[in-house]
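Undergrad: Okay, here's the structure, questions in a sec.
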Amino acid sequence: MELLVLGLSHKTAPVAIREKFALSEEAVPQAAERARTVPGCHETFLVSTCNRIELYAACENGAALEEALGTVMAEVGGANPGAVRPHLYAHTGPQAIKHLFRVAASLDSLVVGESQILGQLKAAYESCRQGGQTGPVLHRAMERAFTVAKRVRSETGIGRSSVSVASVAADLARQIFGDLATCNVLLVGAGKMGELAARHFKTHGARELLVANRNFDRARALAESLGGHPRSLDELETLLSQAEVVVTSTGAPTHIITTAMVKRALKARKYRPIFFIDIAVPRNIEPAINSMDNVYLYDVDDLSGIANENLAGRKREAEAAELLVANEAERFLKDLAGSSVTPTLQALRRKADELKAGELERAMRKLGDLDEKQRKTVEMLADGVVNKLLHEVFSSLKEAARTDHGDEMADTVRKLFGLNEPEK
């Protein structure tokens with residue numbers, strides 16, 4: 001039995017292809033079950049995110065099933081197999097294990113180090129486990145993948161720094177104010193990046209979100225989607241005195257927040273700090289306010305610079321993470337190889353113990369009355385002979401399991417010792 005991974009991702013397929021495979025939570029185990037009906041495919045699970053869809057399968061011969069499972073994948077997305085196949089990638093055996101570990105550790109993500117993929121993998125696997133599509137091979141691989149992902153996050157700095165403008169803005173605010181639960185956030189405008197920044201602030205516990213826009217209906221719709229409160233842009237100066245964080249993202253051709261406005265707002269606030277994030281181009285905020293006390297101003301270039309520095313840091317940490325993943329994959333494959341001969345080792349040990357017990361019983365009857373010390377001496381003698389006899393066999397079998405000859409050696413041992421075939 002070997003592992004096969006068949007999928008497409010942001011690296012191999014445009015969004016027009018990927019969006020066809022955006023499966024609902026209920027559809028995931030159904031698609032996995034469809035793949036499991038392919039002859040030779042015994043266990044499956046499927047993960048579907050905005051950036052990837054991947055089918056993981058435990059098969060008798062992964063390479064031989066690529067075409068059949070590729071057709072199933074196309075059916076899942078309601079697409080023509082010929083149109084999908086150029087975007088599909090496949091990994092089998094050791095490469096499949098390494099790919100799984102890299103995905104779980106977020107080394108294969110669009111943003112390396114992002115934390116969402118591990119939760120998505122867990123949810124997808126659990127859904128298919130409950131649906132009955134998985135089995136012992138996939139369970140063992142997934143358990144190790146989750147462990148490796150946790151090690152990567154705890155032993156490297158791959159996920160510690162924000163790498164998007166929106167998340168950097170929220171991190172900077174936390175550095176200035178500490179707990180965002182004490183902060184009111186004002187979003188001025190309805191630009192996409194400003195909206196993303198506002199979502200980050202809400203996610204990190206901002207106390208209240210105010211949304212001001214020239215079009216009040218648009219302000220109301222955006223506020224409702226963000227869990228905030230709509231305001232008119234005519235209230236801007238008053239709103240500045242109420243907010244600890246101000247995010248601007250309008251299409252105005254000139255500055256809509258001036259030095260004079262900020263001076264008056266600071267006075268009304270009794271000079272409590274204000275953090276301005278100007279994501280607009282052209283800029284919405286007069287740059288001169290950055291020289292004022294208790295005012296912090298970052299524009300989109302400032303935030304992009306920090307994000308790029310953080311991304312470079314993540315890339316350095318990713319090198320350490322890649323080494324960890326490679327070592328863990330090699331270790332897992334050795335463990336997996338050893339497990340393939342475990343049934344034979346167990347059967348041989350059982351047969352040896354049964355023979356030993358039978359011979360000991362006959363010997364004890366012939367020897368007559370023995371005291372406890374004598375009985376233990378005879379038992380130790382029998383144990384020593386059996387263990388020494390089995391030691392070389394066990395060692396050779398375990399060593400062969402690390403190569404391509406493990407199954408062949410196990411077959412030979414079963415024939416030599418008259419063992420039953422292990423259960424599949």
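Note on naming: chains are A, B, ... as they come in the structure tokens, residues start from 1 per chain, ligands start from 1 in the order shown.
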Counting only C-alpha atoms, give me one row per residue of range 87-120 of chain A with an atom at most 12 Å from an atom of range 131-144 of chain A, showing the shortest contact pair and its distance in Å to one decimal, sorted by chain then residue number, as CSV.

TA:
```
residue,atom,partner,partner_atom,distance
A:Gly93,CA,A:Ala141,CA,11.6
A:Pro94,CA,A:Ala141,CA,11.4
A:Ala96,CA,A:Ala141,CA,10.2
A:Ile97,CA,A:Ala141,CA,7.5
A:Lys98,CA,A:Ala141,CA,10.4
A:His99,CA,A:Ala141,CA,11.4
A:Leu100,CA,A:Met142,CA,8.2
A:Phe101,CA,A:Arg144,CA,8.2
A:Arg102,CA,A:Arg144,CA,11.8
A:Val103,CA,A:Met142,CA,11.2
A:Ala104,CA,A:Met142,CA,9.0
A:Ala105,CA,A:Arg144,CA,11.3
A:Leu118,CA,A:Met142,CA,10.8
```

Undergrad: Could you go through range 237-326 of chain A and tell me which residues DSSP, when run on the backbone, assigns to strand (DSSP E), listing them as a list of chain:residue names?

TA: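 Selection result, strand (DSSP E) within range 237-326 of chain A: A:Val245, A:Val246, A:Val247, A:Thr248, A:Ile274, A:Phe275, A:Phe276, A:Ile277, A:Asp278, A:Val295, A:Tyr296, A:Leu297, A:Tyr298, A:Asp299.
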
Undergrad: Those selected residues, please, written with C-alpha atoms and delivered as a PDB file, in the first residue's frame.

TA:
```pdb
ATOM      1  CA  VAL A 245      -7.030  54.026  14.885  1.00  0.00           C
ATOM      2  CA  VAL A 246      -7.946  55.678  11.579  1.00  0.00           C
ATOM      3  CA  VAL A 247      -7.705  53.742   8.302  1.00  0.00           C
ATOM      4  CA  THR A 248      -8.169  55.773   5.106  1.00  0.00           C
ATOM      5  CA  ILE A 274      -3.973  58.406  17.299  1.00  0.00           C
ATOM      6  CA  PHE A 275      -2.648  55.864  14.802  1.00  0.00           C
ATOM      7  CA  PHE A 276      -3.264  56.761  11.147  1.00  0.00           C
ATOM      8  CA  ILE A 277      -3.008  54.181   8.365  1.00  0.00           C
ATOM      9  CA  ASP A 278      -3.178  55.768   4.924  1.00  0.00           C
ATOM     10  CA  VAL A 295       0.411  60.896  16.224  1.00  0.00           C
ATOM     11  CA  TYR A 296       1.627  57.859  14.273  1.00  0.00           C
ATOM     12  CA  LEU A 297       1.240  57.832  10.481  1.00  0.00           C
ATOM     13  CA  TYR A 298       2.024  54.964   8.118  1.00  0.00           C
ATOM     14  CA  ASP A 299       1.270  55.016   4.397  1.00  0.00           C
TER      15      ASP A 299
END
```

Undergrad: Please build the interface table for range 309-372 of chain A against range 167-187 of chain A with a cut-off of 12 Å, listing for each qualifying residue the nearest atom pair and the distance in Å to one decimal; count only C-alpha atoms, order rows by chain and increasing number, and write it as a tab-separated table.

TA:
```
residue	atom	partner	partner_atom	distance
A:Glu309	CA	A:Val168	CA	11.0
A:Asn310	CA	A:Val168	CA	9.3
A:Leu311	CA	A:Val168	CA	11.3
```

Undergrad: May I ask which of the residues A:Thr71, A:Ser115, A:Ser109, A:Ser249 is the closest one to Ala83 in chain A, counting only C-alpha atoms?

TA: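 Selected residue with least distance to Ala83 in chain A: A:Thr71.
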
Undergrad: Could you pull out the residues in range 79-317 of chain A that DSSP calls alpha helix (DSSP H) from the backbone, as a PyMOL selection string?

TA: chain A and resi 81-84+93-104+116-131+136-155+165-177+192-203+216-226+236-240+259-268+300-317

Undergrad: Excluding Tyr89 in chain A and residues on its chain fewer than 4 positions from it, collect all residues at most 12 Å away from it, counting only C-alpha atoms, and give them as a VMD selection string.

TA: chain A and resid 4 to 13 52 to 55 63 66 to 67 69 to 70 73 84 to 85 95 to 96 99

Undergrad: Using only C-alpha atoms, which of the listed residues (A:Lys270, A:Ser225, A:Lys150, A:Val165) sits closest to Ala197 in chain A?

TA: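 Counting only C-alpha atoms, the residue closest to Ala197 in chain A is A:Val165.
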
Undergrad: Using only C-alpha atoms, which of the listed residues (A:Leu360, A:Leu209, A:Cys59, A:Leu46) sits closest to Ala32 in chain A?

TA: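 Closest candidate: A:Leu46.
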
Undergrad: For Leu3 in chain A, which residue out of A:Ile285, A:Ala312, A:Ala57, A:Ile17 is the nearest one, using only C-alpha atoms?

TA: A:Ala57

Undergrad: As an exercise, work out the distance from CA of Ala307 in chain A to CA of Ala166 in chain A in Å and give it to one decimal place.

TA: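 Value for the CA of Ala307 in chain A-CA of Ala166 in chain A distance: 9.4 Å.
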